[in-house]
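Engineer: What follows is run16.cif; its format and atoms are mmCIF, C-alpha atoms.
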data_structure
loop_
_atom_site.label_atom_id
_atom_site.label_comp_id
_atom_site.auth_asym_id
_atom_site.auth_seq_id
_atom_site.Cartn_x
_atom_site.Cartn_y
_atom_site.Cartn_z
CA MET A 296 -83.40 -23.07 0.73
CA LYS A 297 -82.43 -20.28 -1.64
CA ILE A 298 -81.92 -22.76 -4.47
CA LEU A 299 -85.45 -24.07 -3.92
CA GLY A 300 -86.86 -20.55 -3.60
CA LEU A 301 -87.85 -21.11 0.03
CA ASP A 302 -85.45 -18.65 1.66
CA ASN A 303 -88.31 -16.29 2.54
CA VAL A 304 -90.33 -18.97 4.39
CA SER A 305 -89.38 -18.25 7.98
CA GLU A 306 -91.43 -21.14 9.37
CA LEU A 307 -88.90 -23.58 7.90
CA ARG A 308 -86.45 -22.38 10.54
CA PHE A 309 -88.37 -24.52 13.02
CA LEU A 310 -86.77 -27.51 11.32
CA ASN A 311 -83.58 -26.46 13.08
CA PHE A 312 -85.02 -27.75 16.35
CA LEU A 313 -85.63 -31.15 14.80
CA PHE A 314 -82.05 -31.28 13.52
CA VAL A 315 -80.72 -30.34 16.96
CA PHE A 316 -82.97 -32.93 18.60
CA TRP A 317 -81.78 -35.66 16.22
CA GLY A 318 -78.11 -34.72 16.63
CA VAL A 319 -78.28 -34.63 20.42
CA ASN A 320 -80.05 -37.98 20.48
CA ARG A 321 -77.42 -39.48 18.21
CA ALA A 322 -74.53 -38.10 20.27
CA ILE A 323 -75.95 -39.43 23.53
CA LYS A 324 -76.70 -42.82 22.02
CA MET A 325 -73.17 -43.06 20.61
CA ASN A 326 -71.67 -42.04 23.95
CA ILE A 327 -73.63 -44.78 25.70
CA ASN A 328 -72.83 -47.45 23.12
CA LEU A 329 -69.20 -46.68 22.26
CA ASN A 330 -67.93 -45.55 25.65
CA GLN A 331 -70.19 -47.79 27.75
CA GLU A 332 -71.03 -44.61 29.63
CA GLN A 333 -73.78 -44.73 32.25
CA SER A 334 -73.25 -41.36 33.92
CA TYR A 335 -76.16 -38.96 33.47
CA PHE A 336 -73.95 -35.89 33.36
CA SER A 337 -71.40 -37.41 30.99
CA ASN A 338 -74.14 -38.27 28.52
CA PHE A 339 -75.80 -34.88 29.02
CA TYR A 340 -72.52 -33.10 28.28
CA ALA A 341 -71.94 -35.29 25.21
CA GLY A 342 -75.30 -34.26 23.78
CA PHE A 343 -74.87 -30.63 24.79
CA GLY A 344 -71.35 -30.51 23.36
CA ALA A 345 -72.47 -31.95 20.03
CA ALA A 346 -75.26 -29.38 19.81
CA VAL A 347 -72.96 -26.48 20.68
CA ILE A 348 -70.51 -27.60 17.99
CA GLY A 349 -73.42 -27.62 15.54
CA VAL A 350 -74.45 -24.12 16.63
CA GLY A 351 -70.87 -22.90 16.18
CA LEU A 352 -70.65 -24.37 12.69
CA THR A 353 -74.01 -22.81 11.80
CA ILE A 354 -72.79 -19.40 12.94
CA ILE A 355 -69.57 -19.77 10.97
CA GLY A 356 -71.60 -20.78 7.92
CA LEU A 357 -73.85 -17.75 8.33
CA ILE A 358 -70.87 -15.41 8.63
CA ILE A 359 -69.31 -16.88 5.47
CA TYR A 360 -72.63 -16.77 3.60
CA VAL A 361 -73.41 -13.16 4.51
CA GLY A 362 -69.82 -12.02 4.13
CA PHE A 363 -68.94 -13.64 0.83
CA ILE A 364 -72.02 -14.98 -0.95
CA ASP A 365 -75.15 -12.92 -0.29
CA SER A 366 -74.90 -9.86 1.93
CA SER A 367 -78.59 -9.09 1.31
CA PHE A 368 -79.58 -12.10 3.45
CA ILE A 369 -79.79 -9.79 6.46
CA SER A 370 -82.75 -8.08 4.76
CA VAL A 371 -84.45 -11.47 4.43
CA LEU A 372 -84.08 -11.89 8.19
CA GLU A 373 -85.41 -8.39 8.78
CA ASN A 374 -88.54 -9.21 6.80
CA SER A 375 -89.24 -12.38 8.76
CA SER A 376 -91.47 -12.35 11.80
CA PHE A 377 -88.72 -13.57 14.15
CA TRP A 378 -86.15 -10.83 14.10
CA GLY A 379 -86.94 -7.18 13.66
CA LYS A 380 -85.59 -4.23 11.76
CA ASP A 381 -82.14 -2.63 11.52
CA LEU A 382 -80.22 -5.87 12.03
CA SER A 383 -76.50 -6.23 11.85
CA LEU A 384 -74.53 -9.42 11.38
CA GLN A 385 -73.25 -9.14 14.95
CA MET A 386 -76.79 -8.96 16.33
CA VAL A 387 -77.86 -12.00 14.33
CA VAL A 388 -74.80 -14.00 15.41
CA PHE A 389 -75.41 -13.12 19.06
CA ALA A 390 -79.09 -14.04 18.83
CA LEU A 391 -78.29 -17.33 17.09
CA ALA A 392 -75.71 -18.18 19.73
CA ILE A 393 -78.14 -17.55 22.59
CA GLU A 394 -80.99 -19.38 20.88
CA GLY A 395 -78.73 -22.25 19.89
CA ILE A 396 -77.27 -22.74 23.35
CA ALA A 397 -80.73 -22.58 24.93
CA SER A 398 -82.12 -25.17 22.52
CA SER A 399 -79.03 -27.33 23.09
CA VAL A 400 -79.64 -27.37 26.83
CA MET A 401 -83.36 -28.06 26.40
CA CYS A 402 -82.85 -30.87 23.89
CA SER A 403 -80.11 -32.48 25.96
CA PHE A 404 -82.24 -32.35 29.09
CA ILE A 405 -85.34 -33.71 27.35
CA ILE A 406 -83.46 -36.59 25.74
CA MET A 407 -81.62 -37.44 28.93
CA GLN A 408 -84.95 -37.91 30.69
CA TYR A 409 -85.55 -40.72 28.24
CA TYR A 410 -82.08 -42.28 28.47
CA LYS A 411 -81.59 -42.04 32.24
CA SER A 412 -83.69 -45.15 32.79
CA TYR A 413 -81.43 -47.37 30.65
CA LYS A 414 -79.03 -49.56 32.60
CA SER A 415 -77.58 -51.60 29.75
CA PRO A 416 -76.00 -50.03 26.66
CA LYS A 417 -76.99 -53.11 24.65
CA ALA A 418 -80.59 -51.92 24.74
CA LEU A 419 -79.79 -48.96 22.48
CA VAL A 420 -79.04 -50.80 19.27
#
Mind turning the file's structure into structure tokens?
Structural biologist:
Amino acid sequence: MKILGLDNVSELRFLNFLFVFWGVNRAIKMNINLNQEQSYFSNFYAGFGAAVIGVGLTIIGLIIYVGFIDSSFISVLENSSFWGKDLSLQMVVFALAIEGIASSVMCSFIIMQYYKSYKSPKALV
């Protein structure tokens, strides 16, 4: 976003939910198709696990970006309407972890309501 000059547009962070939703859907669909898995909880955990891995990679990317590339990014977050003032990297990482895990659970649960009615993995092509 910085390359495009959109790093100050905090509303674009809502796209994260769409990425999580797509990734969870893809993970559950692959678990059903490749593993022939019909268990609700197995598919739920596959989607949740994929989302948590994505959250972890995002946090690692943020730490690397703030630590080595642009340490002033914290001030960009402070100026957005989501965060607040006097932020530290630790506070942002903690908030992202909580928000990411919560959205992972919500997305996994929402998508599993759709997939729980499928009885045949062949229907998911």
Engineer: Can you work out which one of A:Asp381, A:Ala392, A:Met386, A:Met325 has the shortest atom-to-atom distance to Thr353 (chain A), counting all atoms listed in the file?
Structural biologist: A:Ala392
Engineer: What does the distance from CA of Glu306 (chain A) to CA of Val387 (chain A) come to in Å, to one decimal?
Structural biologist: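 If I compute the distance from CA of Glu306 (chain A) to CA of Val387 (chain A), I get 17.1 Å.
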Engineer: Need the shell around Ser337 (chain A): protein/DNA/RNA residues with any atom at most 10 Å away, counting only C-alpha atoms. Skip same-chain ones fewer than 4 positions apart. Format as an mmCIF file with C-alpha atoms, in the frame of the given file?
Structural biologist:
data_model
loop_
_atom_site.group_PDB
_atom_site.id
_atom_site.type_symbol
_atom_site.label_atom_id
_atom_site.label_comp_id
_atom_site.auth_asym_id
_atom_site.auth_seq_id
_atom_site.Cartn_x
_atom_site.Cartn_y
_atom_site.Cartn_z
ATOM 1 C CA ILE A 323 -75.950 -39.430 23.530
ATOM 2 C CA ASN A 326 -71.670 -42.040 23.950
ATOM 3 C CA ILE A 327 -73.630 -44.780 25.700
ATOM 4 C CA GLU A 332 -71.030 -44.610 29.630
ATOM 5 C CA GLN A 333 -73.780 -44.730 32.250
ATOM 6 C CA ALA A 341 -71.940 -35.290 25.210
ATOM 7 C CA GLY A 342 -75.300 -34.260 23.780
ATOM 8 C CA PHE A 343 -74.870 -30.630 24.790
#
Engineer: Would you place a box with edges along x, y and z of the file around all atoms of region 393-409 of chain A listed there, add 5 Å to each of its six sides, and report the centre and edge lengths in Å to one decimal, as JSON?
Structural biologist:
{"center_x": -81.4, "center_y": -29.1, "center_z": 25.3, "size_x": 18.3, "size_y": 33.2, "size_z": 20.8}
Engineer: Select, from A:Gly344, A:Val304, A:Ser334, A:Leu382, the residue with the minimum atom-to-atom distance to Cys402 (chain A), counting all atoms listed in the file.
Structural biologist: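 Of all the options, A:Gly344 lies closest to Cys402 (chain A).
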Engineer: Select, from A:Gly318, A:Val347, A:Asn328, A:Phe336, the residue with the minimum atom-to-atom distance to Glu394 (chain A), counting all atoms listed in the file.
Structural biologist: A:Val347
Engineer: Would you write out, as a VMD selection string, every residue that the PyMOL selection byres ((chain A and resi 314) around 12) captures in this file?
Structural biologist: chain A and resid 307 to 313 315 to 321 345 to 346 349 to 350 353 395 398 to 399 402
Engineer: For CA of Ser403 (chain A) and CA of Phe339 (chain A), quote the distance in Å rounded to one decimal.
Structural biologist: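 Computed distance, CA of Ser403 (chain A) to CA of Phe339 (chain A), equals 5.8 Å.
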Engineer: What does the distance between CA of Ile298 (chain A) and CA of Ser370 (chain A) come to in Å, to one decimal place?
Structural biologist: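 Separating CA of Ile298 (chain A) from CA of Ser370 (chain A) is a distance of 17.4 Å.
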Engineer: Would you kindly translate the PyMOL selection byres ((chain A and resi 354-361) around 10) into the concrete residues it picks from this file, as a list of chain:residue names?
Structural biologist: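 On this input, the PyMOL selection byres ((chain A and resi 354-361) around 10) captures A:Ile348, A:Gly349, A:Val350, A:Gly351, A:Leu352, A:Thr353, A:Gly362, A:Phe363, A:Ile364, A:Asp365, A:Ser366, A:Ser367, A:Phe368, A:Ile369, A:Leu384, A:Gln385, A:Val387, A:Val388, A:Phe389, A:Leu391, A:Ala392, A:Gly395.
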Engineer: Taking only C-alpha atoms into account, which of A:Tyr335, A:Ala322, A:Tyr340, A:Ser383 comes nearest Val400 (chain A)?
Structural biologist: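 Ranked by minimum distance to Val400 (chain A), first place goes to A:Tyr340.
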